[in-house]
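Structure below is target.cif: mmCIF, C-alpha atoms.
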data_start
#
loop_
_atom_site.label_atom_id
_atom_site.label_comp_id
_atom_site.auth_asym_id
_atom_site.auth_seq_id
_atom_site.Cartn_x
_atom_site.Cartn_y
_atom_site.Cartn_z
CA MET A 17 44.95 -140.56 13.69
CA LYS A 18 45.28 -143.62 11.49
CA ASN A 19 42.27 -144.74 9.48
CA SER A 20 41.86 -147.42 6.85
CA MET A 21 39.33 -148.91 4.44
CA GLU A 22 39.20 -151.74 1.94
CA ILE A 23 36.63 -152.50 -0.75
CA LYS A 24 36.41 -155.09 -3.48
CA PHE A 25 34.35 -154.47 -6.59
CA LYS A 26 33.86 -155.98 -10.02
CA ALA A 27 36.37 -154.79 -12.64
CA ILE A 28 33.83 -153.18 -14.96
CA VAL A 29 33.70 -149.63 -16.33
CA GLU A 30 30.45 -148.92 -14.49
CA ASN A 31 32.44 -148.99 -11.21
CA GLU A 32 35.02 -146.33 -12.10
CA ALA A 33 33.05 -143.37 -10.76
CA PHE A 34 32.09 -145.41 -7.68
CA ALA A 35 35.77 -146.10 -6.88
CA ARG A 36 37.00 -142.52 -7.24
CA ASN A 37 34.04 -141.06 -5.34
CA VAL A 38 34.34 -143.54 -2.45
CA ALA A 39 38.03 -142.68 -2.19
CA ALA A 40 37.29 -138.95 -2.21
CA SER A 41 34.71 -139.34 0.56
CA PHE A 42 37.12 -141.34 2.70
CA ILE A 43 39.92 -138.78 2.28
CA LEU A 44 37.73 -135.70 2.97
CA PRO A 45 38.39 -135.63 6.76
CA LEU A 46 42.03 -134.77 5.97
CA ASN A 47 40.71 -131.49 4.56
CA PRO A 48 42.43 -131.72 1.17
CA SER A 49 42.24 -128.87 -1.33
CA LEU A 50 40.07 -129.38 -4.40
CA SER A 51 43.25 -129.78 -6.46
CA GLU A 52 44.59 -132.48 -4.15
CA LEU A 53 41.27 -134.29 -4.23
CA ASP A 54 41.18 -134.10 -8.04
CA ASP A 55 44.76 -135.44 -8.23
CA ILE A 56 43.84 -138.45 -6.08
CA LYS A 57 40.58 -139.14 -7.94
CA THR A 58 42.37 -138.97 -11.29
CA ALA A 59 45.23 -141.25 -10.19
CA ILE A 60 42.79 -143.80 -8.73
CA ASN A 61 40.76 -143.74 -11.92
CA GLU A 62 43.87 -144.41 -14.01
CA ALA A 63 44.79 -147.39 -11.82
CA VAL A 64 41.25 -148.82 -11.84
CA THR A 65 41.01 -148.33 -15.63
CA ASN A 66 44.24 -150.29 -16.05
CA VAL A 67 42.73 -153.23 -14.19
CA ILE A 68 39.49 -153.08 -16.18
CA VAL A 69 41.23 -152.83 -19.55
CA HIS A 70 44.23 -155.12 -19.05
CA ALA A 71 44.03 -157.46 -16.06
CA TYR A 72 41.30 -159.89 -17.13
CA PRO A 73 41.39 -160.38 -20.92
CA ASN A 74 39.28 -163.54 -20.93
CA SER A 75 37.11 -163.13 -17.86
CA THR A 76 35.73 -160.61 -15.41
CA GLY A 77 37.57 -160.26 -12.13
CA TYR A 78 37.69 -157.93 -9.17
CA VAL A 79 39.56 -154.81 -8.08
CA THR A 80 40.59 -154.36 -4.46
CA MET A 81 41.08 -150.79 -3.29
CA LYS A 82 42.72 -150.14 0.07
CA ILE A 83 43.28 -146.68 1.50
CA VAL A 84 45.15 -145.78 4.67
CA THR A 85 45.26 -142.23 5.98
CA GLN A 86 47.59 -141.09 8.72
CA ASP A 87 48.35 -137.52 9.73
CA ASN A 88 48.45 -135.77 6.36
CA TRP A 89 49.39 -138.81 4.25
CA VAL A 90 47.18 -140.91 2.00
CA ALA A 91 48.37 -144.38 0.96
CA ILE A 92 46.39 -146.11 -1.79
CA SER A 93 46.67 -149.63 -3.08
CA ILE A 94 44.81 -150.88 -6.16
CA SER A 95 45.24 -154.58 -6.79
CA ASP A 96 43.79 -157.38 -8.90
CA ASN A 97 44.15 -161.12 -9.50
CA GLY A 98 44.69 -160.80 -13.22
CA ILE A 99 47.52 -161.53 -15.63
CA GLY A 100 49.91 -158.88 -14.30
CA ILE A 101 52.35 -156.95 -16.53
CA GLN A 102 55.21 -158.78 -18.22
CA ASP A 103 57.47 -155.75 -18.63
CA ILE A 104 56.66 -153.16 -15.99
CA GLU A 105 59.49 -150.82 -17.01
CA ARG A 106 58.12 -150.65 -20.54
CA ALA A 107 54.56 -150.17 -19.30
CA LEU A 108 55.72 -147.16 -17.27
CA THR A 109 57.15 -145.48 -20.38
CA PRO A 110 55.01 -142.48 -21.40
CA PHE A 111 52.78 -143.19 -24.43
CA TYR A 112 53.38 -146.95 -24.31
CA THR A 113 50.17 -148.91 -24.85
CA SER A 114 49.68 -152.60 -25.47
CA LYS A 115 46.45 -151.74 -27.31
CA PRO A 116 47.49 -149.18 -29.97
CA ASN A 117 44.34 -149.76 -32.04
CA GLU A 118 41.97 -148.68 -29.27
CA GLU A 119 42.55 -144.90 -29.12
CA ARG A 120 44.52 -145.24 -25.88
CA SER A 121 47.01 -142.54 -24.91
CA GLY A 122 49.42 -144.76 -22.97
CA MET A 123 49.58 -142.01 -20.32
CA GLY A 124 47.99 -143.84 -17.38
CA PHE A 125 51.08 -144.54 -15.28
CA THR A 126 52.61 -141.17 -16.24
CA VAL A 127 49.51 -139.41 -14.87
CA MET A 128 49.62 -141.48 -11.65
CA GLU A 129 53.30 -140.67 -11.21
CA SER A 130 52.79 -136.95 -11.83
CA PHE A 131 49.68 -136.48 -9.73
CA MET A 132 50.89 -138.45 -6.70
CA ASP A 133 54.07 -138.16 -4.60
CA LYS A 134 55.09 -141.80 -5.03
CA LEU A 135 54.11 -144.66 -7.33
CA GLU A 136 55.07 -148.32 -7.06
CA VAL A 137 53.92 -151.00 -9.53
CA LYS A 138 54.54 -154.67 -8.68
CA ASN A 139 53.49 -158.04 -9.98
CA THR A 140 52.23 -160.17 -7.15
CA LYS A 141 51.57 -163.92 -6.90
CA GLY A 142 48.13 -163.44 -8.34
CA GLY A 143 48.04 -160.20 -10.34
CA LEU A 144 49.26 -156.64 -10.09
CA THR A 145 49.41 -154.12 -7.25
CA VAL A 146 49.74 -150.37 -7.73
CA LYS A 147 50.66 -148.41 -4.60
CA MET A 148 50.50 -144.64 -4.46
CA LEU A 149 51.29 -142.06 -1.80
CA LYS A 150 50.10 -138.47 -1.55
CA GLN A 151 50.84 -135.86 1.06
CA ILE A 152 48.03 -133.46 1.85
CA GLU A 153 49.25 -129.97 2.56
CA GLN A 154 48.70 -128.94 6.17
CA LYS A 155 46.37 -125.98 6.47
CA ALA A 156 45.91 -123.75 9.45
CA VAL A 157 42.61 -124.45 11.19
CA VAL A 158 40.84 -121.30 12.28
CA GLY A 159 38.61 -121.77 15.29
CA LEU A 160 36.06 -119.46 16.88
CA MET B 1 27.71 -136.85 -19.90
CA GLN B 2 26.15 -134.22 -22.18
CA ILE B 3 27.37 -132.91 -25.51
CA LYS B 4 25.95 -129.73 -27.01
CA SER B 5 26.97 -127.99 -30.20
CA ARG B 6 26.34 -124.86 -32.24
CA ILE B 7 27.87 -123.30 -35.31
CA VAL B 8 28.89 -119.64 -35.21
CA LYS B 9 30.64 -118.06 -38.18
CA GLU B 10 31.86 -121.36 -39.65
CA THR B 11 33.16 -122.59 -36.28
CA LEU B 12 31.61 -125.69 -34.73
CA TYR B 13 31.55 -125.20 -30.96
CA ILE B 14 31.23 -128.45 -28.99
CA MET B 15 30.52 -128.25 -25.26
CA LEU B 16 31.31 -131.34 -23.19
CA SER B 17 29.79 -131.49 -19.73
CA GLY B 18 29.97 -134.20 -17.09
CA GLU B 19 32.60 -136.88 -16.53
CA LEU B 20 34.79 -138.38 -19.25
CA ASP B 21 36.17 -141.76 -18.25
CA GLU B 22 36.35 -145.31 -19.61
CA TYR B 23 32.62 -145.74 -18.94
CA THR B 24 31.44 -142.65 -20.82
CA ALA B 25 34.15 -142.63 -23.54
CA PRO B 26 32.34 -144.93 -26.04
CA THR B 27 29.21 -142.71 -25.98
CA VAL B 28 31.33 -139.56 -26.29
CA ARG B 29 33.23 -141.02 -29.28
CA LYS B 30 30.01 -142.04 -31.01
CA THR B 31 28.21 -138.74 -30.36
CA LEU B 32 31.18 -136.65 -31.48
CA ASP B 33 31.64 -138.70 -34.65
CA THR B 34 27.96 -138.37 -35.53
CA LEU B 35 28.16 -134.61 -34.95
CA LEU B 36 31.30 -134.23 -37.04
CA ASP B 37 29.81 -136.34 -39.84
CA THR B 38 26.41 -134.67 -39.99
CA GLN B 39 27.03 -130.98 -39.24
CA LYS B 40 27.61 -128.83 -42.30
CA GLY B 41 29.10 -125.39 -42.88
CA PHE B 42 32.07 -125.33 -40.50
CA VAL B 43 35.78 -125.09 -41.19
CA GLN B 44 37.13 -125.56 -37.64
CA ILE B 45 36.09 -126.98 -34.28
CA VAL B 46 36.38 -125.59 -30.75
CA MET B 47 36.02 -128.09 -27.89
CA ASP B 48 34.79 -126.22 -24.83
CA LEU B 49 35.66 -128.21 -21.68
CA SER B 50 34.49 -125.68 -19.09
CA GLU B 51 31.72 -128.01 -17.87
CA LEU B 52 33.83 -131.18 -17.90
CA SER B 53 34.02 -132.03 -14.19
CA PHE B 54 36.28 -135.09 -14.50
CA MET B 55 38.68 -136.39 -17.09
CA ASP B 56 41.63 -138.78 -16.98
CA SER B 57 43.99 -139.87 -19.77
CA THR B 58 41.09 -141.65 -21.48
CA GLY B 59 40.07 -138.17 -22.67
CA VAL B 60 43.36 -137.74 -24.53
CA GLY B 61 42.68 -140.90 -26.53
CA VAL B 62 39.16 -139.70 -27.36
CA LEU B 63 40.38 -136.28 -28.52
CA ILE B 64 43.29 -137.67 -30.57
CA GLY B 65 40.84 -140.00 -32.31
CA ARG B 66 38.68 -137.01 -33.36
CA TYR B 67 41.81 -135.06 -34.39
CA LYS B 68 42.78 -137.88 -36.76
CA LYS B 69 39.28 -137.95 -38.21
CA MET B 70 39.20 -134.19 -38.84
CA LYS B 71 42.78 -134.09 -40.14
CA GLU B 72 41.56 -135.99 -43.20
CA CYS B 73 39.33 -133.05 -44.15
CA ASN B 74 41.74 -130.32 -42.96
CA LYS B 75 39.52 -129.07 -40.14
CA PRO B 76 41.59 -128.05 -37.11
CA ILE B 77 40.37 -128.64 -33.54
CA PHE B 78 41.07 -126.19 -30.72
CA ILE B 79 40.66 -126.69 -26.96
CA THR B 80 39.23 -124.08 -24.63
CA ASN B 81 38.55 -123.85 -20.87
CA PRO B 82 40.16 -127.11 -19.68
CA SER B 83 40.15 -127.86 -15.95
CA ARG B 84 43.44 -127.71 -14.08
CA ASN B 85 43.88 -131.50 -14.26
CA ALA B 86 42.85 -131.74 -17.91
CA GLU B 87 45.36 -128.98 -18.66
CA ARG B 88 48.15 -130.94 -16.91
CA ILE B 89 47.28 -134.12 -18.80
CA PHE B 90 47.15 -132.26 -22.14
CA LYS B 91 50.54 -130.61 -21.51
CA MET B 92 52.07 -133.93 -20.41
CA SER B 93 50.80 -135.72 -23.51
CA GLY B 94 51.74 -132.94 -25.95
CA LEU B 95 48.12 -132.71 -27.10
CA TYR B 96 48.31 -128.93 -27.49
CA GLU B 97 50.87 -129.40 -30.27
CA ILE B 98 48.15 -130.83 -32.49
CA MET B 99 45.06 -129.30 -30.86
CA PRO B 100 46.11 -125.84 -29.65
CA LYS B 101 44.54 -124.20 -26.64
CA ILE B 102 42.68 -120.96 -27.25
CA VAL B 103 41.41 -118.48 -24.68
#
Would you write the structure of this file as structure tokens?
Amino acid sequence: MKNSMEIKFKAIVENEAFARNVAASFILPLNPSLSELDDIKTAINEAVTNVIVHAYPNSTGYVTMKIVTQDNWVAISISDNGIGIQDIERALTPFYTSKPNEERSGMGFTVMESFMDKLEVKNTKGGLTVKMLKQIEQKAVVGL
Amino acid sequence: MQIKSRIVKETLYIMLSGELDEYTAPTVRKTLDTLLDTQKGFVQIVMDLSELSFMDSTGVGVLIGRYKKMKECNKPIFITNPSRNAERIFKMSGLYEIMPKIV
């Protein structure tokens, strides 16, 4: 069965836990393992953090999170209307950070790439969109 | 997010519990720095992450910051009991090369 959701929330740090926990609740019917759920929550948090830290340097904007589930696949899109990324290839390089004085590891995209099955980062007309795919392992369902 | 500490035989044990993300990181940085500045009588630090229920790469930045601070006074930091995801992030980032994992 195909299911989908979309939410828009303010790009502020207070909303990070909200975003990852909403996503986890939505994905639960697919019966993911705890590890799979943790992978998805971590990847979503990295993407949302990127928006909060980089997308709106002079204002506060919004994050849009869309999730589609079908069979055992989870497709996630995190987008914003911010300034985008000038050099996406460079931003995807492990340890690269545009804010080296802020104790940032520069590992955000590397974590998303490692924890999910597919990652796509694109500048759009009005901001940046990060799309991620994750396959949930099929488990045998034992009935009575 | 809760941070507890105790000193046993010149080792400062720091227990982090809760969720470490961009929202909690500033408080964690501040609390850890105050602890490291005010506690006396320790020669090394062990960060116990067994109660840390969530952490993303923000945690690496926080830990590297404390590593740099303690490097100035030659006090090594060790990591113990990371979650599966924290372990993956630490291995990916090479954190264990400067803050080794102990069992």
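Proximity of A:Leu50, A:Ile56, A:Ile152, A:Val127 to chain B, computed with all atoms listed in the file, is greatest for A:Val127.
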For Asn37 in chain A: contacts at 12 Å, all atoms listed in the file, fewer than 2 positions along chain excluded, given as number ranges by chain: A: 31-35, 39-44, 53-54, 56-58, 60-61; B: 54
Using only C-alpha atoms: which of B:Thr58, B:Ser50, B:Thr38, B:Thr24 has the shortest distance to Ser93 in chain B: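 Looking only at the distances to Ser93 in chain B, the closest residue turns out to be B:Thr58.
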Result set, the PyMOL selection byres ((chain A) within 12 of (chain B)) on current file, as an NGL selection string: :A and (27-34 or 36-37 or 50-69 or 110-113 or 115-131)
Test item: the PyMOL selection byres ((chain A and resi 86) around 9) resolved as a list in words: Met17, Lys18, Asn19, Ser20, Leu46, Val84, Thr85, Asp87, Asn88, Trp89, Val90 and Ala91 of chain A
CA of Ile102 in chain B to CA of Met132 in chain A, distance in Å rounded to a single decimal: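 Between these atoms lies a distance of 28.2 Å.
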Å distance separating CA of Met148 in chain A from CA of Ser95 in chain A, one decimal place: 11.5 Å
Model the absent atoms of range 22-45 of chain B so that N, CA and C atoms are present, and write the result as a compact mmCIF listing (two decimals), in the coordinates of the input.
# COMPACT_ATOMS: atom_id res chain seq x y z
N GLU B 22 36.46 -144.11 -18.76
CA GLU B 22 36.35 -145.31 -19.61
C GLU B 22 34.88 -145.71 -19.82
N TYR B 23 34.04 -145.39 -18.84
CA TYR B 23 32.62 -145.74 -18.94
C TYR B 23 31.89 -144.87 -19.96
N THR B 24 32.17 -143.57 -19.93
CA THR B 24 31.44 -142.65 -20.82
C THR B 24 32.11 -142.48 -22.19
N ALA B 25 33.39 -142.87 -22.29
CA ALA B 25 34.15 -142.63 -23.54
C ALA B 25 33.48 -143.19 -24.81
N PRO B 26 32.95 -144.42 -24.80
CA PRO B 26 32.34 -144.93 -26.04
C PRO B 26 31.18 -144.06 -26.53
N THR B 27 30.34 -143.58 -25.60
CA THR B 27 29.21 -142.71 -25.98
C THR B 27 29.73 -141.38 -26.51
N VAL B 28 30.76 -140.85 -25.86
CA VAL B 28 31.33 -139.56 -26.29
C VAL B 28 31.91 -139.70 -27.71
N ARG B 29 32.65 -140.78 -27.94
CA ARG B 29 33.23 -141.02 -29.28
C ARG B 29 32.12 -141.06 -30.33
N LYS B 30 31.10 -141.84 -30.05
CA LYS B 30 30.01 -142.04 -31.01
C LYS B 30 29.27 -140.73 -31.28
N THR B 31 28.95 -140.01 -30.20
CA THR B 31 28.21 -138.74 -30.36
C THR B 31 29.04 -137.72 -31.12
N LEU B 32 30.32 -137.62 -30.78
CA LEU B 32 31.18 -136.65 -31.48
C LEU B 32 31.31 -137.01 -32.96
N ASP B 33 31.49 -138.28 -33.25
CA ASP B 33 31.64 -138.70 -34.65
C ASP B 33 30.38 -138.41 -35.45
N THR B 34 29.23 -138.66 -34.84
CA THR B 34 27.96 -138.37 -35.53
C THR B 34 27.85 -136.87 -35.81
N LEU B 35 28.19 -136.07 -34.80
CA LEU B 35 28.16 -134.61 -34.95
C LEU B 35 29.08 -134.16 -36.09
N LEU B 36 30.30 -134.65 -36.05
CA LEU B 36 31.30 -134.23 -37.04
C LEU B 36 30.92 -134.69 -38.45
N ASP B 37 30.22 -135.82 -38.52
CA ASP B 37 29.81 -136.34 -39.84
C ASP B 37 28.57 -135.64 -40.39
N THR B 38 27.70 -135.17 -39.50
CA THR B 38 26.41 -134.67 -39.99
C THR B 38 26.33 -133.14 -40.05
N GLN B 39 27.09 -132.45 -39.21
CA GLN B 39 27.03 -130.98 -39.24
C GLN B 39 27.67 -130.45 -40.52
N LYS B 40 27.07 -129.41 -41.07
CA LYS B 40 27.61 -128.83 -42.30
C LYS B 40 27.97 -127.35 -42.05
N GLY B 41 28.83 -126.83 -42.90
CA GLY B 41 29.10 -125.39 -42.88
C GLY B 41 30.07 -124.93 -41.82
N PHE B 42 31.03 -125.79 -41.44
CA PHE B 42 32.07 -125.33 -40.50
C PHE B 42 33.45 -125.68 -41.05
N VAL B 43 34.42 -124.85 -40.69
CA VAL B 43 35.78 -125.09 -41.19
C VAL B 43 36.75 -125.42 -40.04
N GLN B 44 36.30 -125.23 -38.81
CA GLN B 44 37.13 -125.56 -37.64
C GLN B 44 36.24 -125.90 -36.46
N ILE B 45 36.86 -126.53 -35.44
CA ILE B 45 36.09 -126.98 -34.28
C ILE B 45 36.72 -126.43 -33.01
